[in-house]
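**Q** Below is query28.txt; it holds compact mmCIF, C-alpha atoms.
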# COMPACT_ATOMS: atom_id res chain seq x y z
CA MET A 1054 0.00 0.00 0.00
CA ILE A 1055 1.22 3.48 -0.91
CA LYS A 1056 0.02 6.67 0.74
CA ILE A 1057 1.14 10.17 -0.20
CA GLN A 1058 -0.32 12.63 2.27
CA LYS A 1059 0.14 15.95 4.07
CA LYS A 1060 -0.98 14.77 7.49
CA ASN A 1061 1.02 12.96 10.15
CA PHE A 1062 0.53 9.23 10.83
CA ASN A 1063 0.60 6.92 13.85
CA LEU A 1064 3.09 4.03 13.57
CA GLU A 1065 1.11 1.64 15.78
CA GLU A 1066 -2.14 2.24 13.88
CA GLU A 1067 -0.65 2.07 10.38
CA ILE A 1068 1.42 -1.04 11.05
CA ASP A 1069 -1.39 -2.74 12.98
CA LYS A 1070 -3.85 -2.16 10.14
CA ILE A 1071 -1.67 -4.25 7.82
CA LYS A 1072 -0.59 -6.79 10.46
CA ASN A 1073 -4.23 -7.54 11.34
CA LYS A 1074 -4.89 -8.76 7.79
CA HIS A 1075 -2.32 -11.59 7.95
CA SER A 1076 -1.79 -14.03 10.83
CA ASP A 1077 1.21 -15.57 9.06
CA ILE A 1078 3.35 -12.44 9.58
CA GLY A 1079 6.26 -13.17 11.91
CA ALA A 1080 8.50 -10.22 11.09
CA GLN A 1081 8.10 -6.55 10.32
CA THR A 1082 10.93 -4.11 9.60
CA SER A 1083 10.21 -0.43 9.27
CA PHE A 1084 12.14 2.72 8.58
CA VAL A 1085 11.06 6.20 9.64
CA GLY A 1086 12.74 9.38 8.40
CA TYR A 1087 12.46 12.59 10.46
CA VAL A 1088 13.23 16.29 9.91
CA ARG A 1089 16.52 16.96 11.75
CA ASP A 1090 17.28 20.18 13.64
CA LEU A 1091 20.63 20.66 11.92
CA ASN A 1092 21.69 20.10 8.31
CA ASN A 1093 24.52 21.53 6.20
CA ASN A 1094 25.75 22.97 9.54
CA LYS A 1095 22.73 25.25 9.76
CA ASP A 1096 19.77 25.32 12.15
CA VAL A 1097 16.72 24.07 10.31
CA LYS A 1098 13.40 25.89 10.76
CA TYR A 1099 11.27 23.61 8.62
CA LEU A 1100 11.09 21.72 5.33
CA ASN A 1101 8.84 22.35 2.42
CA LEU A 1102 8.45 19.01 0.70
CA GLU A 1103 7.32 19.06 -2.92
CA VAL A 1104 6.01 16.01 -4.75
CA TYR A 1105 5.14 15.07 -8.33
CA GLU A 1106 2.27 13.03 -7.02
CA GLU A 1107 1.14 11.00 -10.07
CA MET A 1108 4.72 10.00 -10.81
CA ALA A 1109 5.52 9.28 -7.15
CA PHE A 1110 2.71 6.69 -7.06
CA LYS A 1111 4.01 5.05 -10.23
CA GLU A 1112 7.66 5.03 -9.08
CA LEU A 1113 6.88 3.75 -5.58
CA SER A 1114 4.66 1.01 -7.06
CA LYS A 1115 7.53 -0.11 -9.30
CA ILE A 1116 9.94 -0.17 -6.36
CA GLU A 1117 7.41 -2.07 -4.24
CA ASN A 1118 6.86 -4.61 -7.05
CA ASN A 1119 10.60 -5.09 -7.48
CA ALA A 1120 10.90 -5.78 -3.73
CA LEU A 1121 8.02 -8.28 -3.91
CA LYS A 1122 9.83 -10.09 -6.74
CA LYS A 1123 13.17 -10.20 -4.94
CA TRP A 1124 12.03 -11.28 -1.45
CA SER A 1125 9.35 -13.36 0.16
CA LEU A 1126 7.04 -10.64 1.49
CA ILE A 1127 3.49 -10.80 2.81
CA ASP A 1128 2.74 -7.08 2.54
CA THR A 1129 4.39 -3.66 2.28
CA LEU A 1130 3.46 -0.14 3.32
CA ILE A 1131 4.95 3.16 2.16
CA ILE A 1132 3.75 6.50 3.54
CA HIS A 1133 5.43 9.68 2.29
CA ARG A 1134 4.38 13.11 3.47
CA TYR A 1135 4.62 16.43 1.60
CA GLY A 1136 4.02 20.09 2.40
CA LYS A 1137 5.41 21.98 5.38
CA LEU A 1138 7.16 19.73 7.90
CA ASN A 1139 8.70 21.06 11.10
CA VAL A 1140 11.81 19.78 12.89
CA ASN A 1141 11.13 16.39 14.60
CA GLU A 1142 8.22 15.54 12.30
CA LYS A 1143 8.05 12.22 10.46
CA ILE A 1144 8.65 12.44 6.73
CA VAL A 1145 8.42 8.85 5.55
CA LEU A 1146 7.54 5.32 6.68
CA VAL A 1147 8.54 2.15 4.84
CA SER A 1148 7.34 -1.07 6.45
CA CYS A 1149 7.85 -4.63 5.15
CA PHE A 1150 6.01 -7.68 6.47
CA SER A 1151 7.23 -11.26 6.06
CA GLN A 1152 7.35 -14.66 7.71
CA HIS A 1153 11.08 -14.44 8.48
CA ARG A 1154 13.18 -11.46 9.44
CA LYS A 1155 15.82 -11.38 6.70
CA ASP A 1156 13.22 -10.78 3.98
CA SER A 1157 11.72 -7.83 5.86
CA PHE A 1158 15.15 -6.28 6.59
CA ASN A 1159 16.43 -6.62 3.04
CA ALA A 1160 13.23 -5.42 1.40
CA CYS A 1161 12.90 -2.39 3.69
CA GLU A 1162 16.46 -1.26 2.98
CA PHE A 1163 16.01 -1.88 -0.77
CA ILE A 1164 12.81 0.18 -0.92
CA MET A 1165 14.42 3.05 1.02
CA ASP A 1166 17.48 3.03 -1.28
CA TYR A 1167 15.36 3.28 -4.43
CA LEU A 1168 12.90 5.71 -2.90
CA LYS A 1169 15.83 8.06 -2.13
CA LYS A 1170 17.24 7.56 -5.62
CA ASP A 1171 14.16 7.74 -7.84
CA ALA A 1172 10.95 8.83 -6.13
CA PRO A 1173 10.08 12.40 -7.23
CA PHE A 1174 10.10 14.27 -3.91
CA TRP A 1175 12.16 17.42 -3.25
CA LYS A 1176 13.08 18.90 0.11
CA ASN A 1177 13.32 22.66 0.30
CA GLU A 1178 14.98 23.22 3.66
CA PHE A 1179 14.45 26.58 5.37
CA TYR A 1180 17.08 27.95 7.76
CA TYR A 1181 16.92 31.18 9.75
CA LYS A 1182 18.41 33.32 7.00
CA ASP A 1183 18.01 31.41 3.75
CA ASP A 1184 16.84 28.15 2.21
CA GLU A 1185 18.25 25.35 0.11
CA TRP A 1186 16.99 22.60 -2.18
CA LEU A 1187 18.51 19.30 -1.03
CA GLU A 1188 19.88 16.48 -3.17
CA ASN A 1189 20.17 12.91 -1.96
CA SER A 1190 23.71 11.61 -1.98
CA LYS A 1191 24.33 8.75 -4.41
CA MET B 848 17.10 1.29 26.82
CA ILE B 849 16.15 -2.32 27.55
CA LYS B 850 12.73 -3.42 28.75
CA ILE B 851 11.75 -7.00 29.59
CA GLN B 852 8.06 -7.14 30.31
CA LYS B 853 4.88 -9.21 30.17
CA LYS B 854 2.59 -6.52 28.87
CA ASN B 855 2.08 -5.36 25.30
CA PHE B 856 3.54 -2.10 24.01
CA ASN B 857 2.53 0.64 21.57
CA LEU B 858 5.04 1.28 18.76
CA GLU B 859 4.17 4.96 18.31
CA GLU B 860 4.46 5.69 22.05
CA GLU B 861 7.66 3.76 22.64
CA ILE B 862 9.45 5.12 19.59
CA ASP B 863 8.19 8.66 20.19
CA LYS B 864 9.42 8.63 23.79
CA ILE B 865 12.99 8.13 22.56
CA LYS B 866 12.66 10.32 19.45
CA ASN B 867 11.46 13.27 21.55
CA LYS B 868 14.73 13.29 23.48
CA HIS B 869 16.88 13.99 20.40
CA SER B 870 16.18 16.51 17.64
CA ASP B 871 19.22 15.33 15.68
CA ILE B 872 17.61 11.96 14.84
CA GLY B 873 16.98 11.68 11.09
CA ALA B 874 16.52 7.90 10.82
CA GLN B 875 14.92 5.13 12.82
CA THR B 876 14.84 1.47 11.85
CA SER B 877 12.82 -0.97 13.89
CA PHE B 878 12.07 -4.66 13.85
CA VAL B 879 8.96 -6.26 15.36
CA GLY B 880 8.56 -10.01 15.83
CA TYR B 881 5.05 -11.51 16.09
CA VAL B 882 3.57 -14.89 17.07
CA ARG B 883 2.65 -16.61 13.79
CA ASP B 884 -0.46 -18.78 13.35
CA LEU B 885 1.47 -21.65 11.80
CA ASN B 886 4.87 -23.11 12.64
CA ASN B 887 6.45 -26.51 12.04
CA ASN B 888 3.36 -27.11 9.87
CA LYS B 889 1.10 -27.01 12.90
CA ASP B 890 -1.59 -24.55 13.97
CA VAL B 891 -0.25 -22.54 16.87
CA LYS B 892 -2.51 -21.86 19.87
CA TYR B 893 -0.10 -19.69 21.83
CA LEU B 894 3.50 -19.32 23.00
CA ASN B 895 4.82 -19.51 26.50
CA LEU B 896 7.95 -17.41 26.52
CA GLU B 897 10.44 -18.08 29.30
CA VAL B 898 13.26 -15.71 30.21
CA TYR B 899 16.36 -15.79 32.41
CA GLU B 900 15.75 -12.16 33.25
CA GLU B 901 18.97 -11.10 35.01
CA MET B 902 21.06 -12.64 32.26
CA ALA B 903 18.84 -11.27 29.48
CA PHE B 904 19.49 -7.72 30.70
CA LYS B 905 23.23 -8.35 30.76
CA GLU B 906 23.32 -10.00 27.32
CA LEU B 907 21.12 -7.38 25.65
CA SER B 908 23.24 -4.59 27.19
CA LYS B 909 26.36 -6.18 25.74
CA ILE B 910 24.76 -6.48 22.31
CA GLU B 911 23.53 -2.89 22.50
CA ASN B 912 27.01 -1.68 23.49
CA ASN B 913 28.60 -3.59 20.63
CA ALA B 914 26.17 -1.95 18.21
CA LEU B 915 26.96 1.49 19.67
CA LYS B 916 30.68 0.81 19.09
CA LYS B 917 30.20 -0.39 15.52
CA TRP B 918 27.80 2.28 14.21
CA SER B 919 27.05 5.92 14.74
CA LEU B 920 23.86 5.69 16.80
CA ILE B 921 21.99 8.29 18.83
CA ASP B 922 19.88 5.85 20.86
CA THR B 923 18.56 2.28 20.91
CA LEU B 924 15.51 0.56 22.34
CA ILE B 925 14.91 -3.14 22.94
CA ILE B 926 11.62 -4.45 24.34
CA HIS B 927 11.23 -8.21 24.78
CA ARG B 928 8.08 -9.75 26.20
CA TYR B 929 7.72 -13.00 28.14
CA GLY B 930 4.85 -15.12 29.48
CA LYS B 931 1.82 -16.27 27.52
CA LEU B 932 1.59 -14.71 24.05
CA ASN B 933 -1.26 -15.44 21.65
CA VAL B 934 -1.12 -15.64 17.85
CA ASN B 935 -0.67 -12.12 16.31
CA GLU B 936 0.81 -10.64 19.48
CA LYS B 937 4.09 -8.73 19.40
CA ILE B 938 7.05 -10.53 20.93
CA VAL B 939 9.94 -8.14 20.47
CA LEU B 940 10.85 -4.64 19.33
CA VAL B 941 14.36 -3.51 18.39
CA SER B 942 14.62 0.14 17.37
CA CYS B 943 17.79 2.04 16.39
CA PHE B 944 18.01 5.82 16.06
CA SER B 945 20.71 7.63 14.07
CA GLN B 946 21.37 10.68 11.92
CA HIS B 947 21.64 8.68 8.69
CA ARG B 948 19.75 5.61 7.58
CA LYS B 949 22.53 3.07 6.99
CA ASP B 950 23.61 3.14 10.65
CA SER B 951 20.07 2.47 11.87
CA PHE B 952 19.53 -0.38 9.37
CA ASN B 953 22.83 -2.09 10.09
CA ALA B 954 22.58 -1.73 13.87
CA CYS B 955 18.98 -3.01 13.99
CA GLU B 956 19.83 -6.12 11.98
CA PHE B 957 22.98 -6.70 14.06
CA ILE B 958 21.07 -6.47 17.36
CA MET B 959 18.36 -8.87 16.11
CA ASP B 960 20.97 -11.39 14.91
CA TYR B 961 22.72 -11.47 18.28
CA LEU B 962 19.49 -11.33 20.26
CA LYS B 963 18.34 -14.47 18.40
CA LYS B 964 21.71 -16.14 18.95
CA ASP B 965 22.52 -15.30 22.56
CA ALA B 966 19.72 -13.68 24.56
CA PRO B 967 18.30 -16.21 27.05
CA PHE B 968 14.67 -16.46 25.97
CA TRP B 969 12.91 -19.72 25.13
CA LYS B 970 9.70 -20.18 23.18
CA ASN B 971 7.46 -23.06 24.22
CA GLU B 972 4.97 -23.25 21.38
CA PHE B 973 1.58 -24.83 22.08
CA TYR B 974 -0.37 -26.53 19.28
CA TYR B 975 -3.80 -28.12 19.49
CA LYS B 976 -2.47 -31.54 20.50
CA ASP B 977 1.03 -31.01 21.84
CA ASP B 978 3.78 -28.48 22.41
CA GLU B 979 7.38 -27.93 21.41
CA TRP B 980 10.41 -25.95 22.63
CA LEU B 981 11.78 -23.99 19.69
CA GLU B 982 15.42 -23.41 18.74
CA ASN B 983 16.58 -20.49 16.62
CA SER B 984 18.28 -21.56 13.43
CA LYS B 985 21.94 -20.64 13.20
CA MET C 264 2.08 18.70 -25.02
CA ARG C 265 2.34 19.72 -21.37
CA ILE C 266 5.72 20.41 -19.77
CA ARG C 267 5.77 20.43 -15.97
CA TYR C 268 8.48 22.00 -13.78
CA PHE C 269 9.42 21.00 -10.22
CA ALA C 270 11.51 22.27 -7.31
CA TRP C 271 13.99 25.04 -8.24
CA ILE C 272 13.27 24.68 -11.96
CA LYS C 273 10.17 26.74 -11.18
CA ASP C 274 12.42 29.56 -9.89
CA ILE C 275 13.82 29.74 -13.42
CA THR C 276 10.58 29.31 -15.37
CA ASN C 277 8.46 31.30 -12.91
CA LYS C 278 5.59 28.96 -13.63
CA ASP C 279 4.49 25.35 -12.97
CA ASP C 280 4.09 24.30 -16.57
CA ASP C 281 3.97 25.21 -20.25
CA VAL C 282 1.61 23.87 -22.87
CA ILE C 283 2.84 23.64 -26.48
CA ASP C 284 0.10 23.27 -29.06
CA ILE C 285 1.88 23.47 -32.40
CA ASN C 286 5.36 22.48 -33.60
CA HIS C 287 6.07 20.56 -30.41
CA PRO C 288 9.57 19.08 -29.91
CA LYS C 289 9.89 15.48 -31.16
CA THR C 290 12.70 14.35 -28.84
CA ILE C 291 14.16 15.32 -25.46
CA GLN C 292 17.09 16.88 -27.35
CA GLU C 293 14.71 19.10 -29.31
CA LEU C 294 12.83 19.89 -26.11
CA LYS C 295 16.06 21.08 -24.45
CA LYS C 296 16.73 23.44 -27.39
CA TYR C 297 13.16 24.70 -27.22
CA LEU C 298 13.40 25.39 -23.46
CA GLU C 299 16.84 27.03 -23.72
CA ASN C 300 15.28 29.62 -25.99
CA LEU C 301 12.41 30.23 -23.60
CA TYR C 302 14.54 30.09 -20.41
CA PRO C 303 18.23 30.85 -21.09
CA ASP C 304 19.12 30.14 -17.43
CA LEU C 305 18.27 26.46 -18.00
CA ARG C 306 21.15 26.10 -20.47
CA LYS C 307 23.95 25.64 -17.92
CA HIS C 308 21.93 22.96 -16.08
CA PHE C 309 21.36 21.07 -19.33
CA LEU C 310 25.11 21.33 -20.01
CA HIS C 311 25.95 19.96 -16.56
CA ASP C 312 23.53 17.13 -17.21
CA VAL C 313 22.02 17.33 -13.71
CA LEU C 314 18.33 17.46 -14.62
CA ARG C 315 16.03 14.47 -15.03
CA PHE C 316 13.22 14.02 -17.52
CA ALA C 317 10.05 11.98 -17.26
CA VAL C 318 7.49 11.30 -19.98
CA ASN C 319 4.04 10.34 -18.76
CA GLN C 320 5.40 9.90 -15.22
CA GLU C 321 8.22 7.55 -16.23
CA TYR C 322 11.94 8.17 -16.50
CA VAL C 323 12.98 8.05 -20.17
CA SER C 324 16.01 7.70 -22.32
CA GLU C 325 16.73 10.72 -24.54
CA ASN C 326 15.90 9.11 -27.89
CA LEU C 327 12.23 8.45 -27.12
CA SER C 328 9.95 10.20 -29.62
CA LEU C 329 7.55 12.66 -28.02
CA LYS C 330 3.85 12.85 -28.89
CA PRO C 331 1.45 15.82 -28.61
CA ILE C 332 -0.51 14.02 -25.89
CA ASP C 333 2.53 13.47 -23.66
CA GLU C 334 3.10 14.99 -20.22
CA ILE C 335 6.80 15.82 -19.88
CA ALA C 336 8.39 16.66 -16.52
CA ILE C 337 11.75 18.33 -15.88
CA PHE C 338 13.24 18.29 -12.43
CA PRO C 339 16.48 18.37 -10.40
CA PRO C 340 17.85 15.34 -8.51
CA VAL C 341 15.28 14.06 -6.01
CA SER C 342 15.64 14.27 -2.22
CA GLY C 343 12.74 12.37 -0.66
CA GLY C 344 12.85 9.95 2.24
CA MET D 1035 26.48 -22.58 44.69
CA ARG D 1036 23.14 -22.25 42.97
CA ILE D 1037 22.38 -24.11 39.75
CA ARG D 1038 19.42 -22.81 37.74
CA TYR D 1039 17.54 -24.74 35.04
CA PHE D 1040 15.59 -23.28 32.13
CA ALA D 1041 13.15 -24.40 29.43
CA TRP D 1042 12.95 -28.20 28.95
CA ILE D 1043 15.87 -28.84 31.31
CA LYS D 1044 13.27 -28.35 34.06
CA ASP D 1045 11.25 -31.26 32.60
CA ILE D 1046 14.27 -33.44 33.40
CA THR D 1047 15.17 -31.96 36.79
CA ASN D 1048 11.56 -31.37 37.86
CA LYS D 1049 12.70 -28.23 39.63
CA ASP D 1050 13.93 -24.71 38.91
CA ASP D 1051 17.23 -24.98 40.73
CA ASP D 1052 19.58 -26.87 43.05
CA VAL D 1053 21.76 -25.44 45.77
CA ILE D 1054 25.03 -27.23 46.59
CA ASP D 1055 26.52 -26.29 49.93
CA ILE D 1056 29.49 -28.63 50.34
CA ASN D 1057 31.88 -30.27 47.90
CA HIS D 1058 30.66 -28.15 45.01
CA PRO D 1059 32.05 -28.87 41.53
CA LYS D 1060 35.17 -26.82 40.67
CA THR D 1061 34.74 -26.75 36.87
CA ILE D 1062 31.95 -27.09 34.33
CA GLN D 1063 33.31 -30.60 33.55
CA GLU D 1064 32.94 -31.60 37.21
CA LEU D 1065 29.49 -29.99 37.28
CA LYS D 1066 28.37 -32.12 34.34
CA LYS D 1067 29.51 -35.30 36.15
CA TYR D 1068 27.71 -34.15 39.28
CA LEU D 1069 24.45 -33.48 37.40
CA GLU D 1070 24.64 -36.74 35.41
CA ASN D 1071 24.53 -38.57 38.72
CA LEU D 1072 21.56 -36.57 39.95
CA TYR D 1073 19.72 -36.58 36.59
CA PRO D 1074 20.79 -39.45 34.32
CA ASP D 1075 18.57 -38.14 31.47
CA LEU D 1076 20.88 -35.14 31.15
CA ARG D 1077 23.77 -37.37 30.06
CA LYS D 1078 22.75 -37.72 26.42
CA HIS D 1079 22.33 -33.96 26.09
CA PHE D 1080 25.80 -33.35 27.55
CA LEU D 1081 27.16 -35.90 25.05
CA HIS D 1082 25.48 -34.16 22.15
CA ASP D 1083 26.96 -30.90 23.40
CA VAL D 1084 23.72 -28.98 22.82
CA LEU D 1085 23.38 -27.28 26.22
CA ARG D 1086 24.78 -23.88 27.16
CA PHE D 1087 26.25 -22.81 30.50
CA ALA D 1088 26.36 -19.40 32.13
CA VAL D 1089 28.20 -18.39 35.31
CA ASN D 1090 26.88 -15.28 37.02
CA GLN D 1091 24.74 -14.50 33.96
CA GLU D 1092 27.59 -14.70 31.47
CA TYR D 1093 28.44 -17.38 28.92
CA VAL D 1094 31.64 -19.18 29.95
CA SER D 1095 34.33 -21.36 28.57
CA GLU D 1096 34.52 -24.79 30.21
CA ASN D 1097 37.82 -24.31 32.03
CA LEU D 1098 36.62 -21.48 34.27
CA SER D 1099 36.98 -22.37 37.96
CA LEU D 1100 33.70 -22.28 39.87
CA LYS D 1101 33.28 -20.63 43.28
CA PRO D 1102 30.76 -21.38 46.04
CA ILE D 1103 29.13 -17.98 45.55
CA ASP D 1104 28.50 -18.51 41.81
CA GLU D 1105 25.13 -18.76 40.13
CA ILE D 1106 25.35 -21.35 37.36
CA ALA D 1107 22.69 -21.70 34.68
CA ILE D 1108 22.11 -24.61 32.31
CA PHE D 1109 19.85 -24.23 29.33
CA PRO D 1110 19.07 -25.42 25.80
CA PRO D 1111 19.68 -23.27 22.69
CA VAL D 1112 17.80 -19.99 22.96
CA SER D 1113 14.81 -19.02 20.79
CA GLY D 1114 13.90 -15.43 21.59
CA GLY D 1115 13.05 -12.67 19.16
Is it possible to give me this structure as structure tokens?
**A**
Amino acid sequence: MIKIQKKNFNLEEEIDKIKNKHSDIGAQTSFVGYVRDLNNNKDVKYLNLEVYEEMAFKELSKIENNALKKWSLIDTLIIHRYGKLNVNEKIVLVSCFSQHRKDSFNACEFIMDYLKKDAPFWKNEFYYKDDEWLENSK
Amino acid sequence: MIKIQKKNFNLEEEIDKIKNKHSDIGAQTSFVGYVRDLNNNKDVKYLNLEVYEEMAFKELSKIENNALKKWSLIDTLIIHRYGKLNVNEKIVLVSCFSQHRKDSFNACEFIMDYLKKDAPFWKNEFYYKDDEWLENSK
Amino acid sequence: MRIRYFAWIKDITNKDDDVIDINHPKTIQELKKYLENLYPDLRKHFLHDVLRFAVNQEYVSENLSLKPIDEIAIFPPVSGG
Amino acid sequence: MRIRYFAWIKDITNKDDDVIDINHPKTIQELKKYLENLYPDLRKHFLHDVLRFAVNQEYVSENLSLKPIDEIAIFPPVSGG
């Protein structure tokens, strides 16, 4: 499942909603990204996160499908926020559900790597004096 | 932080409690283990999870310290339950907090690997007709 | 043909998109020439090869032929996650 | 010296622990001999080398010398997580 939304989300609720559908899940690995207080050696005020929404759905679906082909997964969940995000707020959740733990670890890391590389989101980070558009490192 | 407890826990609350202490956290990877409905080709009724509590604290602290030495981590959280656990219930949470994602992924997988190998917990799995003491695969 | 701009590309174009009705570019190479004329500040970014192109919400190779119905997107390296 | 049993070891010993006040074993090897006498069903598991030993809540090598004050634990392979 892929969600692209402005609003915050609750980890317990989102993960539980998927877990409750499958009693054969034994393992769940998730990654959460947050807005940090300091970046490029400057105090961060907030992020403005822009998305190309139609393409983000397509790209994330491709990445999710590639993960499902590579590992034995029962379900996956990706939530990516956009809009104004303050320091300490959650930006993204990737959660992978499987019978055994290695599949969920590997798939979660794989999805995050490709999300960072290809999913069309852009962080415009605002400091106290100026702002900057970020680029993910390779 | 290490918690060994009978009662259930809420992912959002537990992870938030640690996250709120550090505004420099940019990444959090967590693993959750659940009781599966089927194991050894038998329907599972419930688990009885036994712990050698004093030793479990010591072992998990060692594993946590080894992870802190190997990767750049801001904080870690391990919660392991014991006692009677029904199908679908959470058994364990390992959560690693860092500035950048690779540290949190690597540390979380490392802690789970050693927890499974060395932490003194034993699962007694009850089926409809009999029961079995499990052993983690190598 | 609709051309959409994202992130700091919009600071150069001063708009979200352009629509080209006649004589639309047939390849990404032609599109770059077309946009350089409209927005000279884009030229150096094309030269540095830092921008990415998508056609109908998919990354494309440069030799794809473009159709009037296509939605093209031009954007800088992504930074989600 | 207190010897604690965990998981299915307790099905063999029928108790959680034993306390040895005099003539306690001085090494894990001696402890195994001692326990084989008390619980003959343990012998085959010692032979198969499947059990793990901890002294004062730490895994130990077999040639550690045991003291009267020590807490020893004997248990099967773990299965937490």
**Q** Which polymer residues have any atom within 10 Å of an atom of Gly344 (chain C), counting all atoms listed in the file, with same-chain residues fewer than 6 positions away left out, as a ChimeraX atom specification?
**A** /A:1084-1088,1132-1134,1143-1147,1165-1170,1172,1174-1176,1189 /B:873-874,948
**Q** Which is closer to Leu1091 (chain A) than all the others in B:Trp980, B:Lys916, B:Met848, B:Gln946, using all atoms listed in the file?
**A**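 Under the stated criterion, the closest residue is B:Gln946.
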**Q** Would you kindly identify which residues have an atom no farther than 9 Å from (20.4, 4.3, 27.3), using only C-alpha atoms and the file's own coordinates, and write them out as a list in words?
**A**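 The residues that fall inside the cut-off are Met848, Ile849, Asp922, Thr923 and Leu924 of chain B.
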**Q** Quick one: superpose chain C onto chain D using all C-alpha atoms paired in order, least squares, and give it to me as a compact mmCIF listing (two decimals) with C-alpha atoms, in the coordinates of the input.
**A**
# COMPACT_ATOMS: atom_id res chain seq x y z
CA MET C 264 26.50 -22.62 44.71
CA ARG C 265 23.14 -22.24 42.97
CA ILE C 266 22.39 -24.11 39.75
CA ARG C 267 19.43 -22.83 37.74
CA TYR C 268 17.54 -24.76 35.04
CA PHE C 269 15.58 -23.30 32.12
CA ALA C 270 13.14 -24.42 29.42
CA TRP C 271 12.94 -28.21 28.94
CA ILE C 272 15.86 -28.84 31.30
CA LYS C 273 13.27 -28.34 34.04
CA ASP C 274 11.25 -31.27 32.60
CA ILE C 275 14.27 -33.43 33.40
CA THR C 276 15.18 -31.96 36.79
CA ASN C 277 11.58 -31.38 37.87
CA LYS C 278 12.71 -28.26 39.66
CA ASP C 279 13.96 -24.71 38.91
CA ASP C 280 17.25 -24.96 40.72
CA ASP C 281 19.58 -26.87 43.04
CA VAL C 282 21.76 -25.45 45.77
CA ILE C 283 25.03 -27.24 46.60
CA ASP C 284 26.53 -26.31 49.95
CA ILE C 285 29.49 -28.65 50.36
CA ASN C 286 31.90 -30.30 47.92
CA HIS C 287 30.69 -28.16 45.04
CA PRO C 288 32.07 -28.87 41.53
CA LYS C 289 35.17 -26.80 40.67
CA THR C 290 34.74 -26.74 36.88
CA ILE C 291 31.94 -27.11 34.33
CA GLN C 292 33.30 -30.60 33.57
CA GLU C 293 32.94 -31.59 37.22
CA LEU C 294 29.50 -29.99 37.30
CA LYS C 295 28.38 -32.12 34.34
CA LYS C 296 29.51 -35.29 36.17
CA TYR C 297 27.72 -34.15 39.31
CA LEU C 298 24.46 -33.48 37.41
CA GLU C 299 24.64 -36.74 35.44
CA ASN C 300 24.53 -38.58 38.74
CA LEU C 301 21.56 -36.57 39.95
CA TYR C 302 19.71 -36.56 36.59
CA PRO C 303 20.78 -39.45 34.33
CA ASP C 304 18.57 -38.15 31.49
CA LEU C 305 20.88 -35.12 31.16
CA ARG C 306 23.76 -37.36 30.06
CA LYS C 307 22.77 -37.71 26.40
CA HIS C 308 22.33 -33.92 26.08
CA PHE C 309 25.79 -33.33 27.55
CA LEU C 310 27.16 -35.89 25.06
CA HIS C 311 25.47 -34.13 22.14
CA ASP C 312 26.94 -30.88 23.38
CA VAL C 313 23.70 -28.94 22.81
CA LEU C 314 23.37 -27.27 26.21
CA ARG C 315 24.78 -23.88 27.16
CA PHE C 316 26.24 -22.82 30.49
CA ALA C 317 26.36 -19.41 32.11
CA VAL C 318 28.19 -18.41 35.28
CA ASN C 319 26.88 -15.31 37.01
CA GLN C 320 24.72 -14.51 33.96
CA GLU C 321 27.59 -14.71 31.46
CA TYR C 322 28.43 -17.38 28.91
CA VAL C 323 31.63 -19.17 29.96
CA SER C 324 34.30 -21.38 28.59
CA GLU C 325 34.51 -24.82 30.23
CA ASN C 326 37.82 -24.32 32.05
CA LEU C 327 36.63 -21.48 34.29
CA SER C 328 36.98 -22.37 37.98
CA LEU C 329 33.70 -22.27 39.88
CA LYS C 330 33.30 -20.62 43.28
CA PRO C 331 30.76 -21.37 46.05
CA ILE C 332 29.15 -17.97 45.54
CA ASP C 333 28.52 -18.50 41.82
CA GLU C 334 25.13 -18.75 40.12
CA ILE C 335 25.36 -21.35 37.35
CA ALA C 336 22.69 -21.70 34.66
CA ILE C 337 22.12 -24.62 32.30
CA PHE C 338 19.85 -24.23 29.33
CA PRO C 339 19.07 -25.41 25.78
CA PRO C 340 19.68 -23.27 22.67
CA VAL C 341 17.78 -19.98 22.93
CA SER C 342 14.80 -19.01 20.76
CA GLY C 343 13.90 -15.41 21.55
CA GLY C 344 13.04 -12.65 19.11
**Q** In Å, with one decimal, what is the gap from CA of Asn895 (chain B) to CA of Asn933 (chain B)?
**A**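 Going from CA of Asn895 (chain B) over to CA of Asn933 (chain B) covers 8.8 Å.
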**Q** Using all atoms listed in the file, what residues lie at most 12 Å away from (7.1, -6.2, -3.8) (file coordinates), given as a count of residues only?
**A** 32
**Q** May I ask for the distance between CA of Tyr1073 (chain D) and CA of Lys1049 (chain D), given in Å to one decimal place?
**A**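 Taking CA of Tyr1073 (chain D) as the start and CA of Lys1049 (chain D) as the end point, the length is 11.3 Å.
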**Q** If I take CA of Tyr975 (chain B) and CA of His1079 (chain D), how far is one from the other in Å, to one decimal?
**A**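 Straight-line distance from CA of Tyr975 (chain B) to CA of His1079 (chain D) works out to 27.6 Å.
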**Q** Extract, using only C-alpha atoms, all DNA, RNA and protein residues at most 9 Å from Asp280 (chain C), discarding same-chain residues fewer than 5 positions from it, and format them as a PDB file with C-alpha atoms, keeping the file's coordinate frame.
**A**
ATOM      1  CA  ARG C 265       2.340  19.720 -21.370  1.00  0.00           C
ATOM      2  CA  ILE C 266       5.720  20.410 -19.770  1.00  0.00           C
ATOM      3  CA  ARG C 267       5.770  20.430 -15.970  1.00  0.00           C
ATOM      4  CA  TYR C 268       8.480  22.000 -13.780  1.00  0.00           C
ATOM      5  CA  PHE C 269       9.420  21.000 -10.220  1.00  0.00           C
ATOM      6  CA  LYS C 273      10.170  26.740 -11.180  1.00  0.00           C
ATOM      7  CA  ALA C 336       8.390  16.660 -16.520  1.00  0.00           C
TER       8      ALA C 336
END
